[in-house]
file run36.pdb (PDB, C-alpha atoms)
ATOM      1  CA  MET C   1      91.573  81.917  99.695  1.00  0.00           C
ATOM      2  CA  ILE C   2      89.012  84.688  99.888  1.00  0.00           C
ATOM      3  CA  CYS C   3      88.115  85.813  96.380  1.00  0.00           C
ATOM      4  CA  TYR C   4      86.071  88.980  96.321  1.00  0.00           C
ATOM      5  CA  GLU C   5      83.081  89.389  93.999  1.00  0.00           C
ATOM      6  CA  GLU C   6      84.042  91.340  90.903  1.00  0.00           C
ATOM      7  CA  ALA C   7      80.629  93.024  90.636  1.00  0.00           C
ATOM      8  CA  VAL C   8      80.846  94.300  94.221  1.00  0.00           C
ATOM      9  CA  LEU C   9      84.401  95.566  93.675  1.00  0.00           C
ATOM     10  CA  LYS C  10      83.247  97.450  90.582  1.00  0.00           C
ATOM     11  CA  GLN C  11      80.335  98.897  92.523  1.00  0.00           C
ATOM     12  CA  PHE C  12      82.825 100.413  94.966  1.00  0.00           C
ATOM     13  CA  LYS C  13      84.890 101.769  92.048  1.00  0.00           C
ATOM     14  CA  LEU C  14      88.172 100.050  92.802  1.00  0.00           C
ATOM     15  CA  ARG C  15      90.910 100.338  90.218  1.00  0.00           C
ATOM     16  CA  ASP C  16      90.766  97.731  87.427  1.00  0.00           C
ATOM     17  CA  GLY C  17      94.058  96.080  88.399  1.00  0.00           C
ATOM     18  CA  ASP C  18      92.970  95.739  92.026  1.00  0.00           C
ATOM     19  CA  ILE C  19      89.612  94.300  90.945  1.00  0.00           C
ATOM     20  CA  LYS C  20      91.392  91.671  88.869  1.00  0.00           C
ATOM     21  CA  ILE C  21      93.762  90.682  91.695  1.00  0.00           C
ATOM     22  CA  LEU C  22      91.078  90.519  94.387  1.00  0.00           C
ATOM     23  CA  SER C  23      88.493  88.682  92.277  1.00  0.00           C
ATOM     24  CA  LYS C  24      90.858  86.263  90.519  1.00  0.00           C
ATOM     25  CA  TYR C  25      93.528  85.550  93.161  1.00  0.00           C
ATOM     26  CA  GLY C  26      92.006  86.867  96.376  1.00  0.00           C
ATOM     27  CA  LEU C  27      93.671  86.976  99.762  1.00  0.00           C
ATOM     28  CA  PRO C  28      94.326  84.234 102.328  1.00  0.00           C
ATOM     29  CA  GLU C  29      91.816  83.838 105.145  1.00  0.00           C
ATOM     30  CA  SER C  30      94.588  84.715 107.553  1.00  0.00           C
ATOM     31  CA  ALA C  31      98.272  85.603 107.463  1.00  0.00           C
ATOM     32  CA  ALA C  32     100.879  86.489 110.027  1.00  0.00           C
ATOM     33  CA  PRO C  33     101.060  88.854 111.742  1.00  0.00           C
ATOM     34  CA  TYR C  34      97.397  88.649 112.769  1.00  0.00           C
ATOM     35  CA  LEU C  35      95.867  89.699 109.420  1.00  0.00           C
ATOM     36  CA  ASN C  36      92.440  88.248 108.650  1.00  0.00           C
ATOM     37  CA  PHE C  37      90.635  88.639 105.353  1.00  0.00           C
ATOM     38  CA  GLU C  38      86.964  88.198 104.579  1.00  0.00           C
ATOM     39  CA  GLU C  39      84.392  89.376 102.096  1.00  0.00           C
ATOM     40  CA  MET C  40      81.641  91.592 103.388  1.00  0.00           C
ATOM     41  CA  ASP C  41      78.233  91.851 101.766  1.00  0.00           C
ATOM     42  CA  ALA C  42      77.728  95.088  99.836  1.00  0.00           C
ATOM     43  CA  GLU C  43      74.844  96.118 102.076  1.00  0.00           C
ATOM     44  CA  ASP C  44      76.948  95.678 105.242  1.00  0.00           C
ATOM     45  CA  ILE C  45      79.949  97.632 104.031  1.00  0.00           C
ATOM     46  CA  GLY C  46      78.328 101.033 104.516  1.00  0.00           C
ATOM     47  CA  TYR C  47      79.787 101.555 107.983  1.00  0.00           C
ATOM     48  CA  VAL C  48      83.376 101.374 106.728  1.00  0.00           C
ATOM     49  CA  GLU C  49      84.944 104.739 105.952  1.00  0.00           C
ATOM     50  CA  GLU C  50      83.900 106.166 102.585  1.00  0.00           C
ATOM     51  CA  GLY C  51      86.578 105.850  99.904  1.00  0.00           C
ATOM     52  CA  TYR C  52      87.813 102.497 101.211  1.00  0.00           C
ATOM     53  CA  TYR C  53      86.865  98.936 100.458  1.00  0.00           C
ATOM     54  CA  TYR C  54      86.860  96.579 103.446  1.00  0.00           C
ATOM     55  CA  LEU C  55      89.218  93.603 103.031  1.00  0.00           C
ATOM     56  CA  GLY C  56      89.315  92.251 106.568  1.00  0.00           C
ATOM     57  CA  TYR C  57      90.558  93.003 110.060  1.00  0.00           C
ATOM     58  CA  THR C  58      93.598  92.794 112.304  1.00  0.00           C
ATOM     59  CA  GLY C  59      93.915  90.862 115.541  1.00  0.00           C
ATOM     60  CA  ASP C  60      93.103  94.135 117.327  1.00  0.00           C
ATOM     61  CA  GLY C  61      89.778  94.357 115.503  1.00  0.00           C
ATOM     62  CA  ASP C  62      90.845  97.248 113.285  1.00  0.00           C
ATOM     63  CA  TRP C  63      89.719  97.182 109.665  1.00  0.00           C
ATOM     64  CA  ILE C  64      92.024  96.473 106.757  1.00  0.00           C
ATOM     65  CA  GLY C  65      90.919  98.450 103.742  1.00  0.00           C
ATOM     66  CA  ILE C  66      92.067  99.457 100.309  1.00  0.00           C
ATOM     67  CA  ASN C  67      91.837 103.086  99.236  1.00  0.00           C
ATOM     68  CA  THR C  68      89.596 102.910  96.177  1.00  0.00           C
ATOM     69  CA  ASN C  69      91.523 105.714  94.400  1.00  0.00           C
ATOM     70  CA  SER C  70      95.171 105.023  95.221  1.00  0.00           C
ATOM     71  CA  GLY C  71      95.106 101.265  95.850  1.00  0.00           C
ATOM     72  CA  LYS C  72      97.028 101.734  99.117  1.00  0.00           C
ATOM     73  CA  ILE C  73      96.334  99.228 101.867  1.00  0.00           C
ATOM     74  CA  LEU C  74      95.546 100.747 105.266  1.00  0.00           C
ATOM     75  CA  VAL C  75      94.586  99.742 108.753  1.00  0.00           C
ATOM     76  CA  ILE C  76      91.629 101.868 109.789  1.00  0.00           C
ATOM     77  CA  SER C  77      90.958 102.063 113.509  1.00  0.00           C
ATOM     78  CA  HIS C  78      87.571 100.725 114.502  1.00  0.00           C
ATOM     79  CA  GLU C  79      87.546 103.431 117.184  1.00  0.00           C
ATOM     80  CA  LEU C  80      87.705 106.467 114.882  1.00  0.00           C
ATOM     81  CA  ASP C  81      84.660 108.050 116.519  1.00  0.00           C
ATOM     82  CA  GLU C  82      86.259 107.720 119.960  1.00  0.00           C
ATOM     83  CA  TYR C  83      89.265 109.834 118.952  1.00  0.00           C
ATOM     84  CA  VAL C  84      87.146 112.975 118.720  1.00  0.00           C
ATOM     85  CA  GLY C  85      86.784 114.810 121.994  1.00  0.00           C
ATOM     86  CA  ASP C  86      90.124 114.643 123.770  1.00  0.00           C
ATOM     87  CA  ASP C  87      92.915 116.708 122.266  1.00  0.00           C
ATOM     88  CA  ILE C  88      91.908 115.630 118.769  1.00  0.00           C
ATOM     89  CA  THR C  89      89.408 117.542 116.685  1.00  0.00           C
ATOM     90  CA  ASP C  90      87.274 116.464 113.764  1.00  0.00           C
ATOM     91  CA  ASP C  91      89.862 118.112 111.503  1.00  0.00           C
ATOM     92  CA  ASP C  92      92.489 115.562 112.581  1.00  0.00           C
ATOM     93  CA  ILE C  93      90.344 112.661 111.437  1.00  0.00           C
ATOM     94  CA  ALA C  94      89.653 111.754 107.851  1.00  0.00           C
ATOM     95  CA  ASP C  95      86.193 112.723 106.738  1.00  0.00           C
ATOM     96  CA  ASP C  96      84.186 112.797 103.534  1.00  0.00           C
ATOM     97  CA  ASP C  97      86.284 115.709 102.274  1.00  0.00           C
ATOM     98  CA  MET C  98      89.591 113.889 102.881  1.00  0.00           C
ATOM     99  CA  GLN C  99      89.774 112.402  99.389  1.00  0.00           C
ATOM    100  CA  GLU C 100      89.129 115.825  97.864  1.00  0.00           C
ATOM    101  CA  GLU C 101      91.890 117.351 100.019  1.00  0.00           C
ATOM    102  CA  ALA C 102      94.295 114.558  99.094  1.00  0.00           C
ATOM    103  CA  GLU C 103      93.656 115.148  95.407  1.00  0.00           C
ATOM    104  CA  GLU C 104      94.316 118.879  95.815  1.00  0.00           C
ATOM    105  CA  SER C 105      97.522 118.443  97.805  1.00  0.00           C
ATOM    106  CA  GLU C 106     100.105 115.821  96.946  1.00  0.00           C
ATOM    107  CA  ASP C 107     101.465 116.139 100.497  1.00  0.00           C
ATOM    108  CA  CYS C 108      98.198 114.984 102.095  1.00  0.00           C
ATOM    109  CA  GLU C 109      97.841 111.202 102.432  1.00  0.00           C
ATOM    110  CA  ASP C 110      95.074 109.301 104.194  1.00  0.00           C
ATOM    111  CA  TYR C 111      97.560 107.760 106.650  1.00  0.00           C
ATOM    112  CA  ASP C 112      98.518 111.258 107.834  1.00  0.00           C
ATOM    113  CA  TYR C 113      95.219 111.319 109.729  1.00  0.00           C
ATOM    114  CA  VAL C 114      94.645 109.916 113.202  1.00  0.00           C
ATOM    115  CA  GLY C 115      93.360 106.345 113.116  1.00  0.00           C
ATOM    116  CA  PHE C 116      94.835 105.416 109.714  1.00  0.00           C
ATOM    117  CA  THR C 117      98.029 103.356 109.339  1.00  0.00           C
ATOM    118  CA  LEU C 118      99.718 102.605 106.042  1.00  0.00           C
ATOM    119  CA  VAL C 119     100.295  98.899 105.469  1.00  0.00           C
ATOM    120  CA  ASN C 120     101.413  98.849 101.831  1.00  0.00           C
ATOM    121  CA  THR C 121     101.267 101.051  98.770  1.00  0.00           C
ATOM    122  CA  SER C 122      99.709  98.293  96.628  1.00  0.00           C
ATOM    123  CA  LEU C 123      98.185  94.819  96.734  1.00  0.00           C
ATOM    124  CA  ASP C 124     101.311  93.415  95.080  1.00  0.00           C
ATOM    125  CA  ALA C 125     103.456  94.825  97.886  1.00  0.00           C
ATOM    126  CA  LEU C 126     101.036  93.403 100.472  1.00  0.00           C
ATOM    127  CA  TYR C 127     101.399  89.917  98.959  1.00  0.00           C
ATOM    128  CA  GLU C 128     105.193  90.180  98.969  1.00  0.00           C
ATOM    129  CA  CYS C 129     105.370  91.417 102.550  1.00  0.00           C
ATOM    130  CA  MET C 130     103.061  88.664 103.801  1.00  0.00           C
ATOM    131  CA  LEU C 131     105.231  86.061 102.040  1.00  0.00           C
ATOM    132  CA  TYR C 132     108.449  87.526 103.489  1.00  0.00           C
ATOM    133  CA  TYR C 133     106.947  87.567 106.963  1.00  0.00           C
ATOM    134  CA  GLN C 134     105.848  83.937 106.613  1.00  0.00           C
ATOM    135  CA  ALA C 135     109.335  82.958 105.431  1.00  0.00           C
ATOM    136  CA  PHE C 136     110.796  84.749 108.468  1.00  0.00           C
ATOM    137  CA  LEU C 137     108.551  82.721 110.774  1.00  0.00           C
ATOM    138  CA  GLN C 138     109.608  79.474 109.090  1.00  0.00           C
ATOM    139  CA  LYS C 139     113.270  80.429 109.477  1.00  0.00           C
ATOM    140  CA  ARG C 140     112.712  81.196 113.129  1.00  0.00           C
ATOM    141  CA  LEU C 141     111.381  77.697 113.648  1.00  0.00           C
ATOM    142  CA  THR C 142     114.217  75.973 111.812  1.00  0.00           C
ATOM    143  CA  GLU C 143     117.190  78.164 112.785  1.00  0.00           C
ATOM    144  CA  GLY C 144     116.336  78.793 116.405  1.00  0.00           C
ATOM    145  CA  THR C 145     117.221  81.790 118.521  1.00  0.00           C
ATOM    146  CA  GLU C 146     120.906  82.110 117.591  1.00  0.00           C
ATOM    147  CA  ALA C 147     120.131  83.777 114.260  1.00  0.00           C
ATOM    148  CA  TYR C 148     117.019  85.662 115.442  1.00  0.00           C
ATOM    149  CA  ILE C 149     118.363  89.226 115.309  1.00  0.00           C
ATOM    150  CA  GLU C 150     120.005  88.661 111.933  1.00  0.00           C
ATOM    151  CA  ASN C 151     116.780  87.174 110.584  1.00  0.00           C
ATOM    152  CA  VAL C 152     114.770  90.191 111.796  1.00  0.00           C
ATOM    153  CA  LYS C 153     117.253  92.502 110.066  1.00  0.00           C
ATOM    154  CA  ALA C 154     116.991  90.395 106.887  1.00  0.00           C
ATOM    155  CA  LEU C 155     113.183  90.559 107.104  1.00  0.00           C
ATOM    156  CA  LYS C 156     113.302  94.343 107.356  1.00  0.00           C
ATOM    157  CA  GLU C 157     115.529  94.520 104.258  1.00  0.00           C
ATOM    158  CA  LYS C 158     113.092  92.306 102.334  1.00  0.00           C
ATOM    159  CA  LEU C 159     110.146  94.458 103.404  1.00  0.00           C
ATOM    160  CA  ILE C 160     112.009  97.576 102.254  1.00  0.00           C
ATOM    161  CA  GLU C 161     112.728  95.866  98.945  1.00  0.00           C
ATOM    162  CA  ALA C 162     109.035  94.978  98.562  1.00  0.00           C
ATOM    163  CA  ASP C 163     107.654  98.423  99.423  1.00  0.00           C
ATOM    164  CA  GLN C 164     110.246 101.127  99.911  1.00  0.00           C
ATOM    165  CA  GLU C 165     107.672 103.940 100.016  1.00  0.00           C
ATOM    166  CA  ALA C 166     105.716 102.377 102.882  1.00  0.00           C
ATOM    167  CA  MET C 167     108.823 101.381 104.821  1.00  0.00           C
ATOM    168  CA  GLN C 168     110.100 104.975 104.764  1.00  0.00           C
ATOM    169  CA  ARG C 169     107.408 105.762 107.331  1.00  0.00           C
ATOM    170  CA  GLU C 170     108.386 104.829 110.875  1.00  0.00           C
ATOM    171  CA  ASP C 171     104.714 104.371 111.737  1.00  0.00           C
ATOM    172  CA  CYS C 172     103.838 102.030 108.874  1.00  0.00           C
ATOM    173  CA  PHE C 173     102.333  98.674 109.825  1.00  0.00           C
ATOM    174  CA  TRP C 174     105.404  96.619 108.930  1.00  0.00           C
ATOM    175  CA  ASN C 175     107.865  98.900 110.755  1.00  0.00           C
ATOM    176  CA  GLU C 176     105.683  98.612 113.847  1.00  0.00           C
ATOM    177  CA  GLU C 177     105.839  94.822 113.527  1.00  0.00           C
ATOM    178  CA  ILE C 178     109.635  94.908 113.232  1.00  0.00           C
ATOM    179  CA  LYS C 179     109.781  96.969 116.458  1.00  0.00           C
ATOM    180  CA  LYS C 180     107.676  94.321 118.206  1.00  0.00           C
ATOM    181  CA  LEU C 181     110.084  91.602 117.082  1.00  0.00           C
ATOM    182  CA  LEU C 182     113.082  93.394 118.559  1.00  0.00           C
TER     183      LEU C 182
END
call {"tool": "encode", "arguments": {"input": "run36.pdb", "output": "structure tokens"}}
result
Amino acid sequence: MICYEEAVLKQFKLRDGDIKILSKYGLPESAAPYLNFEEMDAEDIGYVEEGYYYLGYTGDGDWIGINTNSGKILVISHELDEYVGDDITDDDIADDDMQEEAEESEDCEDYDYVGFTLVNTSLDALYECMLYYQAFLQKRLTEGTEAYIENVKALKEKLIEADQEAMQREDCFWNEEIKKLL
């Protein structure tokens, strides 16, 4: 398990409950589907988007971060700078003012910006979803292909149960994983 340093978490102003979970229980080094967790030194974390604490990375090399205000878990594209220039403007991408805008408008969420994908609405939901996904993989090994579609449907129901708010978004991380399974 990767347990994050409490002092560093406090320095980045995470919520007290999230600090307790990450410093006491931590996260696994890796979990399906292709989630990898690691602790980054405080001096190295500066290049991660402001307002987020780096937790790890996906198999695609994108960052997994926690929003320091809301506690939501997000995938943050490591290519954010490359989005600017084509049909996308700086206004489409989260910037230093994004948190201020989100606080002013309840309709504005960080994952509404290009390059940000909602994983879960909380660390607790992340833990549950990772456990359900692992259980699905174990079932797939023991039950074979006959029950595959039913097991994917059951997984989706469990993920909805764990984090209904996140699963309402078609583009959330877990919904994208379900699409890949089908």
call {"tool": "resolve_selection", "arguments": {"input": "run36.pdb", "expression": "the PyMOL selection byres ((chain C and resi 125) around 12)", "output": "PyMOL selection string"}}
result
chain C and resi 71-73+118-124+126-132+158-167+174
call {"tool": "atom_distance", "arguments": {"input": "run36.pdb", "atom1": "atom CA of C:Met40", "atom2": "atom CA of C:Arg15"}}
result
18.3 Å
call {"tool": "atom_distance", "arguments": {"input": "run36.pdb", "atom1": "atom CA of C:Ile66", "atom2": "atom CA of C:Asp18"}}
result
9.1 Å
call {"tool": "residues_around", "arguments": {"input": "run36.pdb", "residues": "stretch 50-63 of chain C", "least_positions_apart": "2", "cutoff": "6 Å", "atoms": "all atoms listed in the file", "output": "VMD selection string"}}
result
chain C and resid 34 to 38 65 to 68 75 to 78
call {"tool": "write_last_selection", "arguments": {"input": "run36.pdb", "atoms": "C-alpha atoms", "output": "compact mmCIF listing (two decimals), in the frame of the given file"}}
result
# COMPACT_ATOMS: atom_id res chain seq x y z
CA TYR C 34 97.40 88.65 112.77
CA LEU C 35 95.87 89.70 109.42
CA ASN C 36 92.44 88.25 108.65
CA PHE C 37 90.64 88.64 105.35
CA GLU C 38 86.96 88.20 104.58
CA GLY C 65 90.92 98.45 103.74
CA ILE C 66 92.07 99.46 100.31
CA ASN C 67 91.84 103.09 99.24
CA THR C 68 89.60 102.91 96.18
CA VAL C 75 94.59 99.74 108.75
CA ILE C 76 91.63 101.87 109.79
CA SER C 77 90.96 102.06 113.51
CA HIS C 78 87.57 100.72 114.50
call {"tool": "closest_residue", "arguments": {"input": "run36.pdb", "among": "C:Cys172, C:Leu181, C:Leu9, C:Ala31", "to": "C:Tyr148", "atoms": "all atoms listed in the file"}}
result
C:Leu181
call {"tool": "atom_distance", "arguments": {"input": "run36.pdb", "atom1": "atom CA of C:Thr117", "atom2": "atom CA of C:Tyr4"}}
result
22.8 Å
call {"tool": "closest_residue", "arguments": {"input": "run36.pdb", "among": "C:Lys24, C:Lys153, C:Arg140, C:Lys10", "to": "C:Asn175", "atoms": "only C-alpha atoms"}}
result
C:Lys153
call {"tool": "closest_residue", "arguments": {"input": "run36.pdb", "among": "C:Leu182, C:Val114, C:Ile2, C:Ala147", "to": "C:Glu29", "atoms": "only C-alpha atoms"}}
result
C:Ile2
call {"tool": "residues_around", "arguments": {"input": "run36.pdb", "residues": "C:Tyr25", "least_positions_apart": "4", "cutoff": "10 Å", "atoms": "all atoms listed in the file", "output": "list in words"}}
result
Met1, Ile2, Cys3, Tyr4, Ile19, Lys20 and Ile21 of chain C
call {"tool": "write_last_selection", "arguments": {"input": "run36.pdb", "atoms": "C-alpha atoms", "output": "short mmCIF file (atom, residue, chain, number, x, y, z; two decimals), keeping the file's coordinate frame"}}
result
data_model
loop_
_atom_site.label_atom_id
_atom_site.label_comp_id
_atom_site.auth_asym_id
_atom_site.auth_seq_id
_atom_site.Cartn_x
_atom_site.Cartn_y
_atom_site.Cartn_z
CA MET C 1 91.57 81.92 99.70
CA ILE C 2 89.01 84.69 99.89
CA CYS C 3 88.12 85.81 96.38
CA TYR C 4 86.07 88.98 96.32
CA ILE C 19 89.61 94.30 90.94
CA LYS C 20 91.39 91.67 88.87
CA ILE C 21 93.76 90.68 91.70
#
call {"tool": "decode", "arguments": {"input": "run36.pdb", "residues": "stretch 56-78 of chain C", "atoms": "N, CA and C atoms", "output": "PDB file, in the first residue's frame"}}
result
ATOM      1  N   GLY C  56      -1.382   9.408  -8.561  1.00  0.00           N
ATOM      2  CA  GLY C  56      -0.753   8.387  -9.392  1.00  0.00           C
ATOM      3  C   GLY C  56      -1.034   8.633 -10.858  1.00  0.00           C
ATOM      4  N   TYR C  57      -1.084   7.554 -11.623  1.00  0.00           N
ATOM      5  CA  TYR C  57      -1.243   7.674 -13.074  1.00  0.00           C
ATOM      6  C   TYR C  57      -1.965   6.456 -13.634  1.00  0.00           C
ATOM      7  N   THR C  58      -2.512   6.631 -14.824  1.00  0.00           N
ATOM      8  CA  THR C  58      -3.190   5.532 -15.512  1.00  0.00           C
ATOM      9  C   THR C  58      -2.196   4.841 -16.437  1.00  0.00           C
ATOM     10  N   GLY C  59      -2.619   3.761 -17.037  1.00  0.00           N
ATOM     11  CA  GLY C  59      -1.783   3.057 -18.002  1.00  0.00           C
ATOM     12  C   GLY C  59      -1.464   3.902 -19.221  1.00  0.00           C
ATOM     13  N   ASP C  60      -2.281   4.923 -19.486  1.00  0.00           N
ATOM     14  CA  ASP C  60      -2.039   5.844 -20.597  1.00  0.00           C
ATOM     15  C   ASP C  60      -1.073   6.961 -20.226  1.00  0.00           C
ATOM     16  N   GLY C  61      -0.653   7.001 -18.965  1.00  0.00           N
ATOM     17  CA  GLY C  61       0.258   8.047 -18.522  1.00  0.00           C
ATOM     18  C   GLY C  61      -0.437   9.311 -18.043  1.00  0.00           C
ATOM     19  N   ASP C  62      -1.769   9.287 -17.989  1.00  0.00           N
ATOM     20  CA  ASP C  62      -2.495  10.439 -17.465  1.00  0.00           C
ATOM     21  C   ASP C  62      -2.441  10.414 -15.943  1.00  0.00           C
ATOM     22  N   TRP C  63      -2.526  11.597 -15.339  1.00  0.00           N
ATOM     23  CA  TRP C  63      -2.438  11.702 -13.891  1.00  0.00           C
ATOM     24  C   TRP C  63      -3.760  11.390 -13.236  1.00  0.00           C
ATOM     25  N   ILE C  64      -3.705  10.770 -12.082  1.00  0.00           N
ATOM     26  CA  ILE C  64      -4.873  10.591 -11.227  1.00  0.00           C
ATOM     27  C   ILE C  64      -4.689  11.581 -10.088  1.00  0.00           C
ATOM     28  N   GLY C  65      -5.676  12.424  -9.894  1.00  0.00           N
ATOM     29  CA  GLY C  65      -5.564  13.443  -8.858  1.00  0.00           C
ATOM     30  C   GLY C  65      -6.846  13.568  -8.070  1.00  0.00           C
ATOM     31  N   ILE C  66      -6.716  14.178  -6.917  1.00  0.00           N
ATOM     32  CA  ILE C  66      -7.884  14.460  -6.084  1.00  0.00           C
ATOM     33  C   ILE C  66      -8.044  15.977  -6.025  1.00  0.00           C
ATOM     34  N   ASN C  67      -9.248  16.448  -6.276  1.00  0.00           N
ATOM     35  CA  ASN C  67      -9.541  17.869  -6.170  1.00  0.00           C
ATOM     36  C   ASN C  67      -9.440  18.226  -4.697  1.00  0.00           C
ATOM     37  N   THR C  68      -8.584  19.168  -4.349  1.00  0.00           N
ATOM     38  CA  THR C  68      -8.328  19.467  -2.947  1.00  0.00           C
ATOM     39  C   THR C  68      -9.536  20.089  -2.250  1.00  0.00           C
ATOM     40  N   ASN C  69     -10.476  20.678  -3.000  1.00  0.00           N
ATOM     41  CA  ASN C  69     -11.669  21.270  -2.390  1.00  0.00           C
ATOM     42  C   ASN C  69     -12.830  20.283  -2.289  1.00  0.00           C
ATOM     43  N   SER C  70     -13.113  19.578  -3.378  1.00  0.00           N
ATOM     44  CA  SER C  70     -14.302  18.724  -3.415  1.00  0.00           C
ATOM     45  C   SER C  70     -14.031  17.284  -3.019  1.00  0.00           C
ATOM     46  N   GLY C  71     -12.783  16.839  -3.124  1.00  0.00           N
ATOM     47  CA  GLY C  71     -12.450  15.445  -2.833  1.00  0.00           C
ATOM     48  C   GLY C  71     -12.759  14.506  -3.986  1.00  0.00           C
ATOM     49  N   LYS C  72     -13.165  15.053  -5.144  1.00  0.00           N
ATOM     50  CA  LYS C  72     -13.461  14.208  -6.302  1.00  0.00           C
ATOM     51  C   LYS C  72     -12.168  13.707  -6.922  1.00  0.00           C
ATOM     52  N   ILE C  73     -12.212  12.476  -7.401  1.00  0.00           N
ATOM     53  CA  ILE C  73     -11.059  11.845  -8.026  1.00  0.00           C
ATOM     54  C   ILE C  73     -11.198  12.022  -9.536  1.00  0.00           C
ATOM     55  N   LEU C  74     -10.121  12.498 -10.170  1.00  0.00           N
ATOM     56  CA  LEU C  74     -10.156  12.796 -11.598  1.00  0.00           C
ATOM     57  C   LEU C  74      -8.939  12.234 -12.304  1.00  0.00           C
ATOM     58  N   VAL C  75      -9.113  11.932 -13.572  1.00  0.00           N
ATOM     59  CA  VAL C  75      -7.983  11.676 -14.449  1.00  0.00           C
ATOM     60  C   VAL C  75      -7.723  12.993 -15.152  1.00  0.00           C
ATOM     61  N   ILE C  76      -6.479  13.438 -15.114  1.00  0.00           N
ATOM     62  CA  ILE C  76      -6.087  14.703 -15.707  1.00  0.00           C
ATOM     63  C   ILE C  76      -5.096  14.386 -16.828  1.00  0.00           C
ATOM     64  N   SER C  77      -5.463  14.725 -18.039  1.00  0.00           N
ATOM     65  CA  SER C  77      -4.626  14.408 -19.185  1.00  0.00           C
ATOM     66  C   SER C  77      -3.243  15.018 -19.033  1.00  0.00           C
ATOM     67  N   HIS C  78      -2.237  14.218 -19.307  1.00  0.00           N
ATOM     68  CA  HIS C  78      -0.866  14.725 -19.273  1.00  0.00           C
ATOM     69  C   HIS C  78      -0.559  15.571 -20.502  1.00  0.00           C
TER      70      HIS C  78
END
